[in-house]
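*Asks:* My file is final_14.cif. It has mmCIF, C-alpha atoms:
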data_structure
loop_
_atom_site.group_PDB
_atom_site.id
_atom_site.type_symbol
_atom_site.label_atom_id
_atom_site.label_comp_id
_atom_site.auth_asym_id
_atom_site.auth_seq_id
_atom_site.Cartn_x
_atom_site.Cartn_y
_atom_site.Cartn_z
ATOM 1 C CA MET A 1 1.091 -4.903 13.744
ATOM 2 C CA SER A 2 3.529 -7.181 15.522
ATOM 3 C CA ASN A 3 7.210 -6.459 15.169
ATOM 4 C CA TYR A 4 7.890 -9.381 12.818
ATOM 5 C CA VAL A 5 8.478 -9.525 9.078
ATOM 6 C CA TYR A 6 8.920 -12.791 7.229
ATOM 7 C CA GLY A 7 9.603 -13.968 3.700
ATOM 8 C CA LYS A 8 12.857 -13.429 1.825
ATOM 9 C CA ASN A 9 12.012 -10.175 0.029
ATOM 10 C CA SER A 10 10.483 -8.537 3.094
ATOM 11 C CA PHE A 11 13.408 -9.693 5.216
ATOM 12 C CA PHE A 12 16.128 -8.264 2.975
ATOM 13 C CA GLU A 13 14.294 -4.975 2.365
ATOM 14 C CA ALA A 14 13.942 -4.573 6.142
ATOM 15 C CA MET A 15 17.646 -5.317 6.446
ATOM 16 C CA ARG A 16 18.480 -2.657 3.829
ATOM 17 C CA ALA A 17 16.283 -0.204 5.700
ATOM 18 C CA ARG A 18 18.135 -1.063 8.941
ATOM 19 C CA ARG A 19 14.940 -2.012 10.760
ATOM 20 C CA ILE A 20 15.980 -5.506 11.880
ATOM 21 C CA THR A 21 16.783 -5.919 15.552
ATOM 22 C CA MET A 22 17.052 -9.730 15.562
ATOM 23 C CA ALA A 23 16.942 -12.233 12.692
ATOM 24 C CA TYR A 24 15.906 -15.898 12.727
ATOM 25 C CA VAL A 25 16.988 -17.992 9.733
ATOM 26 C CA LEU A 26 17.259 -21.592 8.601
ATOM 27 C CA ASP A 27 20.612 -20.891 6.951
ATOM 28 C CA ASP A 28 22.952 -17.971 7.637
ATOM 29 C CA LYS A 29 24.940 -18.127 4.422
ATOM 30 C CA GLU A 30 23.391 -14.936 2.978
ATOM 31 C CA ILE A 31 23.601 -12.887 6.168
ATOM 32 C CA LYS A 32 26.770 -14.203 7.784
ATOM 33 C CA ASN A 33 28.749 -11.109 6.846
ATOM 34 C CA SER A 34 26.027 -8.638 7.783
ATOM 35 C CA ARG A 35 26.084 -6.729 11.032
ATOM 36 C CA ILE A 36 22.641 -7.800 12.204
ATOM 37 C CA PRO A 37 22.276 -10.106 15.206
ATOM 38 C CA TYR A 38 20.762 -13.452 14.222
ATOM 39 C CA LYS A 39 20.031 -16.998 15.292
ATOM 40 C CA VAL A 40 19.912 -20.120 13.154
ATOM 41 C CA VAL A 41 16.744 -22.017 14.070
ATOM 42 C CA ASP A 42 14.752 -24.975 12.739
ATOM 43 C CA ARG A 43 11.743 -24.806 10.433
ATOM 44 C CA LYS A 44 9.305 -25.655 13.226
ATOM 45 C CA THR A 45 10.395 -22.539 15.129
ATOM 46 C CA LEU A 46 9.942 -20.313 12.084
ATOM 47 C CA ASP A 47 6.558 -21.893 11.336
ATOM 48 C CA LYS A 48 5.403 -21.084 14.855
ATOM 49 C CA MET A 49 6.781 -17.532 14.870
ATOM 50 C CA SER A 50 5.207 -16.748 11.477
ATOM 51 C CA LYS A 51 1.948 -18.543 12.359
ATOM 52 C CA SER A 52 2.677 -21.007 9.549
ATOM 53 C CA GLY A 53 3.204 -18.214 7.050
ATOM 54 C CA ASN A 54 5.344 -18.581 3.946
ATOM 55 C CA HIS A 55 8.565 -17.447 5.635
ATOM 56 C CA GLN A 56 10.967 -18.991 3.063
ATOM 57 C CA GLY A 57 13.481 -19.540 5.860
ATOM 58 C CA TYR A 58 13.677 -15.875 6.918
ATOM 59 C CA LEU A 59 11.998 -14.049 9.781
ATOM 60 C CA ALA A 60 13.053 -10.948 11.703
ATOM 61 C CA GLU A 61 12.071 -8.817 14.633
ATOM 62 C CA VAL A 62 12.018 -5.211 13.433
ATOM 63 C CA LYS A 63 11.702 -1.746 14.842
ATOM 64 C CA GLU A 64 8.130 -0.504 15.151
ATOM 65 C CA PHE A 65 6.603 0.515 11.818
ATOM 66 C CA ARG A 66 6.486 4.288 11.429
ATOM 67 C CA PHE A 67 3.300 5.676 9.958
ATOM 68 C CA ALA A 68 3.586 8.844 7.905
ATOM 69 C CA SER A 69 1.548 12.011 8.173
ATOM 70 C CA VAL A 70 -0.639 13.192 5.309
ATOM 71 C CA ASP A 71 1.533 16.309 4.981
ATOM 72 C CA GLU A 72 4.567 14.120 4.223
ATOM 73 C CA MET A 73 2.791 12.863 1.093
ATOM 74 C CA ILE A 74 1.946 16.247 -0.420
ATOM 75 C CA VAL A 75 3.991 17.424 -3.393
ATOM 76 C CA GLU A 76 3.752 20.460 -5.645
ATOM 77 C CA HIS A 77 3.282 18.832 -9.046
ATOM 78 C CA ASN A 78 1.733 15.597 -10.349
ATOM 79 C CA GLY A 79 1.297 14.100 -6.921
ATOM 80 C CA LEU A 80 -0.547 10.810 -6.557
ATOM 81 C CA ILE A 81 -2.044 9.663 -3.271
ATOM 82 C CA VAL A 82 -4.153 6.512 -2.953
ATOM 83 C CA ILE A 83 -6.979 6.503 -0.406
ATOM 84 C CA LEU A 84 -8.603 3.203 0.560
ATOM 85 C CA ASP A 85 -12.224 3.550 1.666
ATOM 86 C CA GLY A 86 -13.121 0.636 3.917
ATOM 87 C CA LEU A 87 -10.836 -1.997 2.413
ATOM 88 C CA GLU A 88 -11.147 -5.298 4.316
ATOM 89 C CA ASP A 89 -8.670 -7.770 2.812
ATOM 90 C CA VAL A 90 -5.064 -7.677 4.055
ATOM 91 C CA HIS A 91 -3.861 -9.272 0.820
ATOM 92 C CA ASN A 92 -5.406 -6.437 -1.178
ATOM 93 C CA LEU A 93 -3.715 -3.860 1.046
ATOM 94 C CA GLY A 94 -0.341 -5.557 0.671
ATOM 95 C CA ALA A 95 -0.719 -5.793 -3.110
ATOM 96 C CA ILE A 96 -1.761 -2.125 -3.387
ATOM 97 C CA ILE A 97 1.239 -1.028 -1.322
ATOM 98 C CA ARG A 98 3.516 -3.112 -3.553
ATOM 99 C CA THR A 99 2.035 -1.589 -6.731
ATOM 100 C CA SER A 100 2.225 1.884 -5.209
ATOM 101 C CA GLU A 101 5.939 1.506 -4.529
ATOM 102 C CA CYS A 102 6.637 0.230 -8.048
ATOM 103 C CA ALA A 103 4.679 3.090 -9.623
ATOM 104 C CA GLY A 104 6.097 5.867 -7.441
ATOM 105 C CA VAL A 105 2.892 6.723 -5.573
ATOM 106 C CA ASP A 106 3.454 9.369 -2.896
ATOM 107 C CA GLY A 107 1.440 7.665 -0.193
ATOM 108 C CA VAL A 108 -1.404 5.344 0.819
ATOM 109 C CA ILE A 109 -4.079 6.401 3.312
ATOM 110 C CA TYR A 110 -6.753 4.369 5.073
ATOM 111 C CA LYS A 111 -9.072 4.698 8.072
ATOM 112 C CA SER A 112 -7.773 3.798 11.500
ATOM 113 C CA HIS A 113 -11.034 1.985 12.335
ATOM 114 C CA ASN A 114 -13.404 -0.391 10.509
ATOM 115 C CA SER A 115 -10.737 -1.042 7.915
ATOM 116 C CA VAL A 116 -7.844 -3.341 7.108
ATOM 117 C CA LYS A 117 -4.584 -2.355 8.791
ATOM 118 C CA VAL A 118 -0.875 -2.884 8.232
ATOM 119 C CA ASN A 119 0.155 -6.190 9.803
ATOM 120 C CA ASP A 120 2.594 -9.078 9.257
ATOM 121 C CA THR A 121 0.594 -10.480 6.335
ATOM 122 C CA VAL A 122 0.436 -7.088 4.627
ATOM 123 C CA ALA A 123 4.206 -6.777 4.988
ATOM 124 C CA LYS A 124 4.684 -10.249 3.484
ATOM 125 C CA VAL A 125 2.367 -9.604 0.504
ATOM 126 C CA ALA A 126 4.001 -6.218 -0.095
ATOM 127 C CA CYS A 127 7.342 -8.016 -0.617
ATOM 128 C CA GLY A 128 9.442 -5.308 0.997
ATOM 129 C CA ALA A 129 7.538 -2.321 -0.426
ATOM 130 C CA LEU A 130 6.301 -1.407 3.032
ATOM 131 C CA GLU A 131 9.806 -0.178 3.823
ATOM 132 C CA TYR A 132 9.490 2.564 1.186
ATOM 133 C CA VAL A 133 5.836 3.567 0.817
ATOM 134 C CA LYS A 134 4.427 6.276 3.080
ATOM 135 C CA VAL A 135 1.341 4.895 4.829
ATOM 136 C CA ALA A 136 -1.008 7.002 6.949
ATOM 137 C CA GLU A 137 -3.875 5.974 9.212
ATOM 138 C CA VAL A 138 -6.497 8.716 9.654
ATOM 139 C CA THR A 139 -9.624 8.913 11.780
ATOM 140 C CA ASN A 140 -11.786 10.672 9.194
ATOM 141 C CA LEU A 141 -11.408 10.094 5.453
ATOM 142 C CA VAL A 142 -13.792 12.863 4.431
ATOM 143 C CA ASN A 143 -11.884 15.493 6.420
ATOM 144 C CA THR A 144 -8.612 14.184 4.967
ATOM 145 C CA ILE A 145 -9.991 14.436 1.426
ATOM 146 C CA LYS A 146 -11.205 17.984 2.074
ATOM 147 C CA TYR A 147 -7.756 18.898 3.382
ATOM 148 C CA LEU A 148 -6.053 17.494 0.289
ATOM 149 C CA LYS A 149 -8.485 19.367 -1.965
ATOM 150 C CA ASP A 150 -7.552 22.564 -0.142
ATOM 151 C CA LYS A 151 -3.916 21.705 -0.954
ATOM 152 C CA GLY A 152 -4.701 21.575 -4.676
ATOM 153 C CA TYR A 153 -5.514 17.904 -5.213
ATOM 154 C CA TRP A 154 -8.288 16.626 -7.488
ATOM 155 C CA VAL A 155 -10.186 13.572 -6.297
ATOM 156 C CA VAL A 156 -10.897 10.661 -8.627
ATOM 157 C CA GLY A 157 -13.174 7.909 -7.360
ATOM 158 C CA THR A 158 -13.676 4.491 -8.927
ATOM 159 C CA ASP A 159 -17.208 3.159 -9.202
ATOM 160 C CA GLY A 160 -19.275 1.157 -11.696
ATOM 161 C CA SER A 161 -21.775 4.011 -11.798
ATOM 162 C CA GLY A 162 -19.183 6.478 -13.089
ATOM 163 C CA LYS A 163 -20.053 8.441 -16.237
ATOM 164 C CA ASP A 164 -16.488 8.524 -17.545
ATOM 165 C CA LEU A 165 -14.203 5.666 -18.481
ATOM 166 C CA TYR A 166 -10.952 5.663 -16.541
ATOM 167 C CA THR A 167 -9.111 6.534 -19.766
ATOM 168 C CA ASP A 168 -11.301 9.599 -20.489
ATOM 169 C CA ILE A 169 -9.650 11.701 -17.779
ATOM 170 C CA HIS A 170 -6.245 13.353 -18.094
ATOM 171 C CA TYR A 171 -4.300 13.126 -14.857
ATOM 172 C CA ASP A 172 -1.817 15.979 -15.293
ATOM 173 C CA MET A 173 -2.834 17.307 -11.888
ATOM 174 C CA ASN A 174 -2.248 16.448 -8.274
ATOM 175 C CA THR A 175 -4.502 13.427 -7.894
ATOM 176 C CA VAL A 176 -6.142 11.552 -5.044
ATOM 177 C CA LEU A 177 -7.295 8.124 -6.220
ATOM 178 C CA ILE A 178 -10.085 6.555 -4.165
ATOM 179 C CA ILE A 179 -10.439 2.768 -4.084
ATOM 180 C CA GLY A 180 -13.611 1.561 -2.367
ATOM 181 C CA SER A 181 -14.193 -1.527 -0.262
ATOM 182 C CA GLU A 182 -14.392 -4.963 -1.842
ATOM 183 C CA GLY A 183 -18.125 -5.374 -1.202
ATOM 184 C CA LYS A 184 -19.660 -1.926 -0.956
ATOM 185 C CA GLY A 185 -17.389 0.328 -2.966
ATOM 186 C CA MET A 186 -17.015 3.945 -1.892
ATOM 187 C CA SER A 187 -19.104 5.243 0.978
ATOM 188 C CA ARG A 188 -21.673 7.921 0.178
ATOM 189 C CA LEU A 189 -19.849 10.740 1.955
ATOM 190 C CA VAL A 190 -16.546 9.914 0.255
ATOM 191 C CA LYS A 191 -18.246 9.675 -3.139
ATOM 192 C CA GLU A 192 -19.720 13.149 -2.640
ATOM 193 C CA GLU A 193 -16.203 14.584 -2.329
ATOM 194 C CA CYS A 194 -15.049 13.200 -5.688
ATOM 195 C CA ASP A 195 -14.379 15.622 -8.528
ATOM 196 C CA TYR A 196 -14.534 12.722 -10.995
ATOM 197 C CA ILE A 197 -16.019 9.251 -10.752
ATOM 198 C CA VAL A 198 -14.623 6.854 -13.335
ATOM 199 C CA LYS A 199 -15.366 3.272 -14.239
ATOM 200 C CA LEU A 200 -13.418 0.359 -15.646
ATOM 201 C CA PRO A 201 -15.116 -1.380 -18.579
ATOM 202 C CA MET A 202 -16.688 -4.727 -17.640
ATOM 203 C CA LYS A 203 -17.023 -7.006 -20.671
ATOM 204 C CA GLY A 204 -17.797 -10.269 -18.891
ATOM 205 C CA GLN A 205 -20.516 -11.534 -16.583
ATOM 206 C CA VAL A 206 -18.721 -10.555 -13.352
ATOM 207 C CA THR A 207 -19.505 -6.941 -12.502
ATOM 208 C CA SER A 208 -16.484 -5.938 -10.442
ATOM 209 C CA LEU A 209 -12.723 -6.404 -10.161
ATOM 210 C CA ASN A 210 -10.624 -7.318 -7.155
ATOM 211 C CA ALA A 211 -9.739 -4.068 -5.345
ATOM 212 C CA SER A 212 -5.983 -4.508 -5.768
ATOM 213 C CA VAL A 213 -6.384 -5.271 -9.487
ATOM 214 C CA ALA A 214 -8.569 -2.189 -9.973
ATOM 215 C CA ALA A 215 -6.031 -0.094 -8.056
ATOM 216 C CA GLY A 216 -3.180 -1.436 -10.189
ATOM 217 C CA ILE A 217 -4.988 -0.612 -13.433
ATOM 218 C CA MET A 218 -5.864 2.875 -12.238
ATOM 219 C CA ILE A 219 -2.419 3.684 -10.856
ATOM 220 C CA TYR A 220 -0.600 2.637 -14.010
ATOM 221 C CA ASN A 221 -3.130 4.382 -16.234
ATOM 222 C CA ILE A 222 -2.378 7.595 -14.345
ATOM 223 C CA VAL A 223 1.359 7.035 -14.708
ATOM 224 C CA SER A 224 0.979 6.244 -18.429
ATOM 225 C CA ASP A 225 -1.226 9.263 -19.081
ATOM 226 C CA ARG A 226 1.309 11.572 -17.449
ATOM 227 C CA GLU A 227 4.162 10.108 -19.471
ATOM 228 C CA LYS A 228 2.250 10.788 -22.689
ATOM 229 C CA THR A 229 1.833 14.454 -21.822
ATOM 230 C CA HIS A 230 5.551 15.035 -21.144
#
Could you take the file, read its structure, and then write that structure out as structure tokens?
*Replies:*
Amino acid sequence: MSNYVYGKNSFFEAMRARRITMAYVLDDKEIKNSRIPYKVVDRKTLDKMSKSGNHQGYLAEVKEFRFASVDEMIVEHNGLIVILDGLEDVHNLGAIIRTSECAGVDGVIYKSHNSVKVNDTVAKVACGALEYVKVAEVTNLVNTIKYLKDKGYWVVGTDGSGKDLYTDIHYDMNTVLIIGSEGKGMSRLVKEECDYIVKLPMKGQVTSLNASVAAGIMIYNIVSDREKTH
């Protein structure tokens, strides 16, 4: 990930988190009284710096993104950790991080190789949520899942072959939610570690949902189920 964030929401969340080291803006009216160093530049400059991204007139150099450890995500009761198994689309990762922040997810984990990674586009799509969600890169998902199971977590995978509907399970337990890759779903070894495999009902002709949509449905179903039991 480069040390840039762009887009108004991402910019101001980075500013609130005190990560901005230098700001570049079309208009300084909203940051004039802040303590951050900044330069007023033209649109062509921002287009080039953001690689023609949707910067909305705001771009900033920020301190290096700090990845979390898995241990930082572990809680004693009703924890929820999302693990992404081979996700490939940066827009899906950004959207999942945004949903995770809104829903109070404890952390998002993905592989450090052969997988999408946090970058400028992810930060933009996440609309500032990246400043608040714990994100971990790990070298081995299966070992990470085993470790979380040893810590008392139950693992729920999502797959069209699941025997249970996603609403059939009660989630009043520390939960790891697995979201598979856009094309292949969960890998075999990850699937073997699941305590439950659930499916979303498909009523139309298309047989699968976008990964970030599936994650959003699952995350908020878990949140809703827990609220019903309390």
*Asks:* Between A:Leu177, A:Val116, A:Leu200, A:Ile31, which has the minimum distance to A:Asp159 (counting all atoms listed in the file)?
*Replies:*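 Counting all atoms listed in the file, the residue closest to A:Asp159 is A:Leu200.
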*Asks:* Once the PyMOL selection byres ((chain A and resi 104) around 10) is applied to the coordinates I shared, what remains selected? I want it as a PDB file with C-alpha atoms, in the coordinates of the input.
*Replies:*
ATOM      1  CA  GLY A  79       1.297  14.100  -6.921  1.00  0.00           C
ATOM      2  CA  LEU A  80      -0.547  10.810  -6.557  1.00  0.00           C
ATOM      3  CA  ILE A  81      -2.044   9.663  -3.271  1.00  0.00           C
ATOM      4  CA  THR A  99       2.035  -1.589  -6.731  1.00  0.00           C
ATOM      5  CA  SER A 100       2.225   1.884  -5.209  1.00  0.00           C
ATOM      6  CA  GLU A 101       5.939   1.506  -4.529  1.00  0.00           C
ATOM      7  CA  CYS A 102       6.637   0.230  -8.048  1.00  0.00           C
ATOM      8  CA  ALA A 103       4.679   3.090  -9.623  1.00  0.00           C
ATOM      9  CA  VAL A 105       2.892   6.723  -5.573  1.00  0.00           C
ATOM     10  CA  ASP A 106       3.454   9.369  -2.896  1.00  0.00           C
ATOM     11  CA  GLY A 107       1.440   7.665  -0.193  1.00  0.00           C
ATOM     12  CA  TYR A 132       9.490   2.564   1.186  1.00  0.00           C
ATOM     13  CA  VAL A 133       5.836   3.567   0.817  1.00  0.00           C
ATOM     14  CA  ILE A 219      -2.419   3.684 -10.856  1.00  0.00           C
ATOM     15  CA  TYR A 220      -0.600   2.637 -14.010  1.00  0.00           C
ATOM     16  CA  VAL A 223       1.359   7.035 -14.708  1.00  0.00           C
TER      17      VAL A 223
END
*Asks:* With the PyMOL selection byres ((chain A and resi 111) around 7) as the selection, what would be picked from this file? Answer as a PyMOL selection string, please.
*Replies:* chain A and resi 110+112-113+115+137-141
*Asks:* List as a count of residues only the protein and nucleic acid residues near A:Phe12, meaning an atom at most 10 Å away when only C-alpha atoms are counted, but skip any in the same chain fewer than 2 places from it.
*Replies:* 19
*Asks:* Determine the residue membership of the PyMOL selection byres ((chain A and resi 171) around 12) for the file above and supply it as a PDB file with C-alpha atoms, in the coordinates of the input.
*Replies:*
ATOM      1  CA  HIS A  77       3.282  18.832  -9.046  1.00  0.00           C
ATOM      2  CA  ASN A  78       1.733  15.597 -10.349  1.00  0.00           C
ATOM      3  CA  GLY A  79       1.297  14.100  -6.921  1.00  0.00           C
ATOM      4  CA  LEU A  80      -0.547  10.810  -6.557  1.00  0.00           C
ATOM      5  CA  TYR A 153      -5.514  17.904  -5.213  1.00  0.00           C
ATOM      6  CA  TRP A 154      -8.288  16.626  -7.488  1.00  0.00           C
ATOM      7  CA  VAL A 155     -10.186  13.572  -6.297  1.00  0.00           C
ATOM      8  CA  VAL A 156     -10.897  10.661  -8.627  1.00  0.00           C
ATOM      9  CA  TYR A 166     -10.952   5.663 -16.541  1.00  0.00           C
ATOM     10  CA  THR A 167      -9.111   6.534 -19.766  1.00  0.00           C
ATOM     11  CA  ASP A 168     -11.301   9.599 -20.489  1.00  0.00           C
ATOM     12  CA  ILE A 169      -9.650  11.701 -17.779  1.00  0.00           C
ATOM     13  CA  HIS A 170      -6.245  13.353 -18.094  1.00  0.00           C
ATOM     14  CA  ASP A 172      -1.817  15.979 -15.293  1.00  0.00           C
ATOM     15  CA  MET A 173      -2.834  17.307 -11.888  1.00  0.00           C
ATOM     16  CA  ASN A 174      -2.248  16.448  -8.274  1.00  0.00           C
ATOM     17  CA  THR A 175      -4.502  13.427  -7.894  1.00  0.00           C
ATOM     18  CA  VAL A 176      -6.142  11.552  -5.044  1.00  0.00           C
ATOM     19  CA  LEU A 177      -7.295   8.124  -6.220  1.00  0.00           C
ATOM     20  CA  TYR A 196     -14.534  12.722 -10.995  1.00  0.00           C
ATOM     21  CA  MET A 218      -5.864   2.875 -12.238  1.00  0.00           C
ATOM     22  CA  ILE A 219      -2.419   3.684 -10.856  1.00  0.00           C
ATOM     23  CA  TYR A 220      -0.600   2.637 -14.010  1.00  0.00           C
ATOM     24  CA  ASN A 221      -3.130   4.382 -16.234  1.00  0.00           C
ATOM     25  CA  ILE A 222      -2.378   7.595 -14.345  1.00  0.00           C
ATOM     26  CA  VAL A 223       1.359   7.035 -14.708  1.00  0.00           C
ATOM     27  CA  SER A 224       0.979   6.244 -18.429  1.00  0.00           C
ATOM     28  CA  ASP A 225      -1.226   9.263 -19.081  1.00  0.00           C
ATOM     29  CA  ARG A 226       1.309  11.572 -17.449  1.00  0.00           C
ATOM     30  CA  GLU A 227       4.162  10.108 -19.471  1.00  0.00           C
ATOM     31  CA  LYS A 228       2.250  10.788 -22.689  1.00  0.00           C
ATOM     32  CA  THR A 229       1.833  14.454 -21.822  1.00  0.00           C
ATOM     33  CA  HIS A 230       5.551  15.035 -21.144  1.00  0.00           C
TER      34      HIS A 230
END
*Asks:* Between atom CA of A:Leu84 and atom CA of A:Met186, what distance in Å does the model show, to one decimal?
*Replies:*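 Atom CA of A:Met186 lies at a distance of 8.8 Å from atom CA of A:Leu84.
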